[in-house]
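Engineer: Supplied in structure tokens, the structure appears directly below.
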Amino acid sequence: MTYRLWWTVGYTCSSEREFLAAKHRLLPATYEMLDDALRRANQVGRAGGVAWLIEGDDKTRLERGLIEKTLKKRGQELETTAPAADRPHDRRGPDQRRDDLRHEGPRRDGPRDDRGKMTR
């Protein structure tokens, strides 16, 4: 099952009429679960954009008003702010880049240019 979310940010579409006129030019974001599409719609709304429409293969159709109503009801449930320590499936370990930032003194592997390549 796939769900397609059409959304805009900025002044691309400021009314339902403008969205319907521009819909054929917009590329929808595709999700396998309705909750994922709603989660993205929530993120778009918090960033100042508008989630105009969610359509599913199963004939699900949520327009702007219904999306906003659903997000008001389920917004907290759809939040994605879990820290990495709470996700046991994340096995990448600590971020090594942070160790590089704390490293003081010259680097032991030689000088590098602005692109990170060795210079000699």
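Labels used: A, B, ... for chains in the order of the structure tokens, numbers from 1 for residues in each chain, and numbers from 1 for ligands as shown.
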Which neighbours of Glu77 (chain A) fall inside 12 Å, counting only C-alpha atoms, when residues of the same chain fewer than 2 positions from it are skipped, and could you give them as a count of residues only?

Structural biologist: 15

Engineer: Counting only C-alpha atoms, which of A:Val9, A:Arg112, A:Glu16, A:Arg25 gets nearest to Leu53 (chain A)?

Structural biologist: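 Ranked by minimum distance to Leu53 (chain A), first place goes to A:Glu16.
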
Engineer: May I have the residues within 12 Å of Ser14 (chain A) as an mmCIF file with C-alpha atoms, in the first residue's frame, using only C-alpha atoms and disregarding those fewer than 6 positions away in the same chain?

Structural biologist:
```cif
data_model
loop_
_atom_site.group_PDB
_atom_site.id
_atom_site.type_symbol
_atom_site.label_atom_id
_atom_site.label_comp_id
_atom_site.auth_asym_id
_atom_site.auth_seq_id
_atom_site.Cartn_x
_atom_site.Cartn_y
_atom_site.Cartn_z
ATOM 1 C CA TRP A 7 2.844 19.611 0.078
ATOM 2 C CA THR A 8 4.301 23.030 -0.593
ATOM 3 C CA LEU A 20 -5.348 22.089 -7.745
ATOM 4 C CA ALA A 21 -4.068 24.073 -10.738
ATOM 5 C CA ALA A 22 -0.431 23.235 -9.895
ATOM 6 C CA GLY A 48 5.714 26.730 7.685
ATOM 7 C CA GLY A 49 4.496 24.686 4.729
ATOM 8 C CA VAL A 50 1.109 23.271 3.817
ATOM 9 C CA ALA A 51 0.211 19.609 3.453
ATOM 10 C CA TRP A 52 -2.501 19.771 0.797
#
```

Engineer: Tell me, in Å to one decimal, how far CA of Met33 (chain A) is from CA of Gly45 (chain A).

Structural biologist: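 Spanning CA of Met33 (chain A) to CA of Gly45 (chain A) is a straight-line distance of 18.8 Å.
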
Engineer: Mind pulling up the distance from CA of Lys69 (chain A) to CA of Thr2 (chain A)?

Structural biologist: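 Between these atoms lies a distance of 21.4 Å.
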
Engineer: From a DSSP calculation on the backbone, collect every residue of region 16-68 of chain A in strand (DSSP E or B) and output the set as a list in words.

Structural biologist: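 Assigned to strand (DSSP E or B), within region 16-68 of chain A: Ala29, Thr30, Tyr31, Val50, Ala51, Trp52, Leu53, Ile54, Glu55, Gly56, Arg61, Leu62 and Glu63 of chain A.
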
Engineer: Restrict the selected residues to N, CA and C atoms and save them as a PDB file, in the first residue's frame.

Structural biologist:
```pdb
ATOM      1  N   ALA A  29       5.398  13.101  -2.356  1.00  0.00           N
ATOM      2  CA  ALA A  29       6.271  12.246  -1.563  1.00  0.00           C
ATOM      3  C   ALA A  29       5.510  10.952  -1.306  1.00  0.00           C
ATOM      4  N   THR A  30       6.157   9.802  -1.497  1.00  0.00           N
ATOM      5  CA  THR A  30       5.490   8.513  -1.389  1.00  0.00           C
ATOM      6  C   THR A  30       5.911   7.798  -0.113  1.00  0.00           C
ATOM      7  N   TYR A  31       4.928   7.259   0.594  1.00  0.00           N
ATOM      8  CA  TYR A  31       5.164   6.544   1.847  1.00  0.00           C
ATOM      9  C   TYR A  31       4.398   5.230   1.822  1.00  0.00           C
ATOM     10  N   VAL A  50       2.491  23.742   3.811  1.00  0.00           N
ATOM     11  CA  VAL A  50       1.109  23.271   3.817  1.00  0.00           C
ATOM     12  C   VAL A  50       1.059  21.876   3.223  1.00  0.00           C
ATOM     13  N   ALA A  51       0.471  20.943   3.972  1.00  0.00           N
ATOM     14  CA  ALA A  51       0.211  19.609   3.453  1.00  0.00           C
ATOM     15  C   ALA A  51      -1.178  19.657   2.829  1.00  0.00           C
ATOM     16  N   TRP A  52      -1.245  19.575   1.506  1.00  0.00           N
ATOM     17  CA  TRP A  52      -2.501  19.771   0.797  1.00  0.00           C
ATOM     18  C   TRP A  52      -3.342  18.507   0.677  1.00  0.00           C
ATOM     19  N   LEU A  53      -2.693  17.374   0.422  1.00  0.00           N
ATOM     20  CA  LEU A  53      -3.470  16.185   0.091  1.00  0.00           C
ATOM     21  C   LEU A  53      -2.665  14.921   0.359  1.00  0.00           C
ATOM     22  N   ILE A  54      -3.337  13.905   0.905  1.00  0.00           N
ATOM     23  CA  ILE A  54      -2.771  12.561   1.021  1.00  0.00           C
ATOM     24  C   ILE A  54      -3.736  11.628   0.302  1.00  0.00           C
ATOM     25  N   GLU A  55      -3.211  10.893  -0.669  1.00  0.00           N
ATOM     26  CA  GLU A  55      -4.013   9.912  -1.400  1.00  0.00           C
ATOM     27  C   GLU A  55      -3.364   8.550  -1.264  1.00  0.00           C
ATOM     28  N   GLY A  56      -4.203   7.521  -1.063  1.00  0.00           N
ATOM     29  CA  GLY A  56      -3.694   6.162  -0.937  1.00  0.00           C
ATOM     30  C   GLY A  56      -4.206   5.273  -2.044  1.00  0.00           C
ATOM     31  N   ARG A  61      -8.358   9.361   0.950  1.00  0.00           N
ATOM     32  CA  ARG A  61      -8.145  10.728   0.473  1.00  0.00           C
ATOM     33  C   ARG A  61      -8.351  11.687   1.639  1.00  0.00           C
ATOM     34  N   LEU A  62      -7.240  12.285   2.077  1.00  0.00           N
ATOM     35  CA  LEU A  62      -7.292  13.276   3.145  1.00  0.00           C
ATOM     36  C   LEU A  62      -6.894  14.619   2.558  1.00  0.00           C
ATOM     37  N   GLU A  63      -7.807  15.564   2.603  1.00  0.00           N
ATOM     38  CA  GLU A  63      -7.491  16.906   2.118  1.00  0.00           C
ATOM     39  C   GLU A  63      -6.979  17.754   3.277  1.00  0.00           C
TER      40      GLU A  63
END
```

Engineer: CA of Leu78 (chain A) and CA of Gln43 (chain A), how far apart in Å?

Structural biologist: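 According to the coordinates, CA of Gln43 (chain A) and CA of Leu78 (chain A) are separated by 9.8 Å.
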